[in-house]
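These notes concern the structure reproduced below.
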Amino acid sequence: MADRQYTDKTGETVTVRRDPQQEAFEIRTADDEVAGHAHFRTRGDDRIFHHTVVDERFGGRGIGTALVRGAVEATIAENVPIVAVCPMVKGFLEKNGEEFAGSYRLPTPDDMAWLREQEG
């Protein structure tokens, strides 16, 4: 997966890439500091996004939106269906519905039960 670059609200370039250490996408600042993660689990063909976090030091810069956009765009580019459990991912997809129509769905009760089992 290629890195994806965006501009935050301060004009700084931020980079979204897969985190090689975990099932997550990470966002890095221009100083190469990790500012947040969008965590997911893989279930069959689906990528279930269940938690997104941005370090509070980077609040108000639009880092979360850039992170979610990067994770969503990368997942779509991989042709992987998205299941939006995380409120940030769900909100982003609903707000930008036309752009991402058909590439995501909301979780079923079965998805939620499986995710709870994984979280242990």
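By order in the structure tokens, chains are A, B, ...; within a chain, residues start at 1; ligands start at 1, following the order shown.
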
Next item on the list: Just the alpha helix (DSSP H) stuff from chain A, please, per backbone DSSP, written as JSON, numbers by chain.
Entry: {"A": [63, 64, 65, 66, 67, 68, 69, 70, 71, 72, 73, 74, 75, 76, 77, 87, 88, 89, 90, 91, 92, 93, 94, 95, 97, 98, 99, 100, 109, 110, 111, 112, 113, 114, 115, 116, 117, 118, 119]}

Hey, which bits of segment 60-106 of chain A sit within 10 Å of segment 3-24 of chain A, and for each residue what's the closest pair of atoms and how far apart in Å (one decimal), counting only C-alpha atoms, rows by chain and increasing number, as a tab-separated table?
residue	atom	partner	partner_atom	distance
A:Gly60	CA	A:Lys9	CA	7.9
A:Arg61	CA	A:Lys9	CA	4.9
A:Gly62	CA	A:Asp8	CA	5.6
A:Ile63	CA	A:Asp8	CA	6.2
A:Gly64	CA	A:Asp8	CA	9.5
A:Thr65	CA	A:Asp8	CA	8.9
A:Ala66	CA	A:Tyr6	CA	6.4
A:Leu67	CA	A:Val16	CA	6.1
A:Val68	CA	A:Val16	CA	8.9
A:Arg69	CA	A:Val16	CA	8.9
A:Gly70	CA	A:Val16	CA	5.6
A:Ala71	CA	A:Val16	CA	7.2
A:Glu73	CA	A:Arg4	CA	8.8
A:Ala74	CA	A:Arg4	CA	8.0

Notebook entry, point to check: DSSP says strand (DSSP E) for which residues of chain A? Put them as an MDAnalysis selection string?
Noted result: chainID A and resid 4:7 13:18 24:28 34:43 46:54 82:84 104:105

I need the residues from that last selection saved to file as a PDB file, in the first residue's frame (with C-alpha atoms), if you can.
ATOM      1  CA  ARG A   4      -1.202   8.779   1.221  1.00  0.00           C
ATOM      2  CA  GLN A   5      -0.494  12.428   1.935  1.00  0.00           C
ATOM      3  CA  TYR A   6      -2.931  15.088   3.052  1.00  0.00           C
ATOM      4  CA  THR A   7      -2.753  18.619   4.414  1.00  0.00           C
ATOM      5  CA  THR A  13       1.584  17.635   5.315  1.00  0.00           C
ATOM      6  CA  VAL A  14       0.540  14.454   7.117  1.00  0.00           C
ATOM      7  CA  THR A  15       1.012  10.912   5.871  1.00  0.00           C
ATOM      8  CA  VAL A  16      -1.304   7.913   6.289  1.00  0.00           C
ATOM      9  CA  ARG A  17       0.102   4.389   5.952  1.00  0.00           C
ATOM     10  CA  ARG A  18      -0.530   0.877   7.200  1.00  0.00           C
ATOM     11  CA  ALA A  24      -4.197  -0.377  11.878  1.00  0.00           C
ATOM     12  CA  PHE A  25      -3.476   2.622   9.740  1.00  0.00           C
ATOM     13  CA  GLU A  26      -1.332   5.335  11.285  1.00  0.00           C
ATOM     14  CA  ILE A  27      -0.987   9.026  10.571  1.00  0.00           C
ATOM     15  CA  ARG A  28       2.389  10.728  10.861  1.00  0.00           C
ATOM     16  CA  VAL A  34       2.781   9.125  14.969  1.00  0.00           C
ATOM     17  CA  ALA A  35      -0.290  11.249  15.699  1.00  0.00           C
ATOM     18  CA  GLY A  36      -2.998   8.559  15.635  1.00  0.00           C
ATOM     19  CA  HIS A  37      -4.278   5.161  14.543  1.00  0.00           C
ATOM     20  CA  ALA A  38      -7.400   3.761  12.866  1.00  0.00           C
ATOM     21  CA  HIS A  39      -7.662   0.188  14.156  1.00  0.00           C
ATOM     22  CA  PHE A  40      -9.406  -2.602  12.279  1.00  0.00           C
ATOM     23  CA  ARG A  41      -9.944  -6.348  12.297  1.00  0.00           C
ATOM     24  CA  THR A  42     -10.116  -8.528   9.222  1.00  0.00           C
ATOM     25  CA  ARG A  43     -13.097 -10.860   9.067  1.00  0.00           C
ATOM     26  CA  ASP A  46     -14.254  -7.447   5.290  1.00  0.00           C
ATOM     27  CA  ARG A  47     -12.176  -4.875   7.137  1.00  0.00           C
ATOM     28  CA  ILE A  48     -14.016  -3.913  10.317  1.00  0.00           C
ATOM     29  CA  PHE A  49     -12.888  -0.490  11.550  1.00  0.00           C
ATOM     30  CA  HIS A  50     -13.609  -0.501  15.278  1.00  0.00           C
ATOM     31  CA  HIS A  51     -11.528   2.251  16.933  1.00  0.00           C
ATOM     32  CA  THR A  52      -9.794   5.457  15.883  1.00  0.00           C
ATOM     33  CA  VAL A  53      -7.631   7.522  18.197  1.00  0.00           C
ATOM     34  CA  VAL A  54      -5.656  10.736  17.727  1.00  0.00           C
ATOM     35  CA  ILE A  82     -15.459  -1.693   4.892  1.00  0.00           C
ATOM     36  CA  VAL A  83     -17.602  -2.339   7.961  1.00  0.00           C
ATOM     37  CA  ALA A  84     -17.986   0.908   9.900  1.00  0.00           C
ATOM     38  CA  TYR A 104     -19.027   0.152   3.080  1.00  0.00           C
ATOM     39  CA  ARG A 105     -21.793  -1.179   5.260  1.00  0.00           C
TER      40      ARG A 105
END

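For the choices A:Leu106, A:Ala30, A:Gly59, A:Gln118, the atom-to-atom distance to Pro87 of chain A is smallest for A:Leu106 when using only C-alpha atoms.
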
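Using only C-alpha atoms, the protein and nucleic acid residues lying no more than 12 Å from Asp45 of chain A, apart from those fewer than 5 places from it along its own chain, are Thr75, Glu78, Asn79, Val80, Pro81, Ile82 and Val83 of chain A.
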
Selection export as a PDB file, in the first residue's frame, atoms kept: N, CA and C atoms:
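The result, written out as part.pdb:
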ATOM      1  N   THR A  75      -8.214   1.260   1.782  1.00  0.00           N
ATOM      2  CA  THR A  75      -9.000   0.026   1.842  1.00  0.00           C
ATOM      3  C   THR A  75      -9.797  -0.165   0.560  1.00  0.00           C
ATOM      4  N   GLU A  78      -7.661  -1.311  -2.211  1.00  0.00           N
ATOM      5  CA  GLU A  78      -7.356  -2.740  -2.098  1.00  0.00           C
ATOM      6  C   GLU A  78      -8.568  -3.598  -2.447  1.00  0.00           C
ATOM      7  N   ASN A  79      -9.703  -2.957  -2.736  1.00  0.00           N
ATOM      8  CA  ASN A  79     -10.940  -3.652  -3.064  1.00  0.00           C
ATOM      9  C   ASN A  79     -11.465  -4.474  -1.894  1.00  0.00           C
ATOM     10  N   VAL A  80     -11.288  -3.943  -0.689  1.00  0.00           N
ATOM     11  CA  VAL A  80     -11.727  -4.616   0.535  1.00  0.00           C
ATOM     12  C   VAL A  80     -12.974  -3.888   1.058  1.00  0.00           C
ATOM     13  N   PRO A  81     -14.066  -4.621   1.306  1.00  0.00           N
ATOM     14  CA  PRO A  81     -15.267  -3.988   1.864  1.00  0.00           C
ATOM     15  C   PRO A  81     -15.025  -3.482   3.287  1.00  0.00           C
ATOM     16  N   ILE A  82     -15.601  -2.329   3.581  1.00  0.00           N
ATOM     17  CA  ILE A  82     -15.459  -1.693   4.892  1.00  0.00           C
ATOM     18  C   ILE A  82     -16.711  -1.925   5.715  1.00  0.00           C
ATOM     19  N   VAL A  83     -16.512  -2.280   6.997  1.00  0.00           N
ATOM     20  CA  VAL A  83     -17.602  -2.339   7.961  1.00  0.00           C
ATOM     21  C   VAL A  83     -17.307  -1.245   8.979  1.00  0.00           C
TER      22      VAL A  83
END

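Taking atom CA of Cys86 of chain A and atom CA of Leu115 of chain A as the two end points, the separation is 11.7 Å.
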
Next item on the list: Check the smallest atom-to-atom distance from each of A:Asp32, A:Gly44, A:Phe58, A:Ala77 to Ser103 of chain A using only C-alpha atoms, then report the winner.
Entry: A:Ala77

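With only C-alpha atoms as the atoms that count, the minimum distance from Met88 of chain A to the choices A:Val72, A:Gly102, A:Glu56, A:Ala2 is reached by A:Val72.
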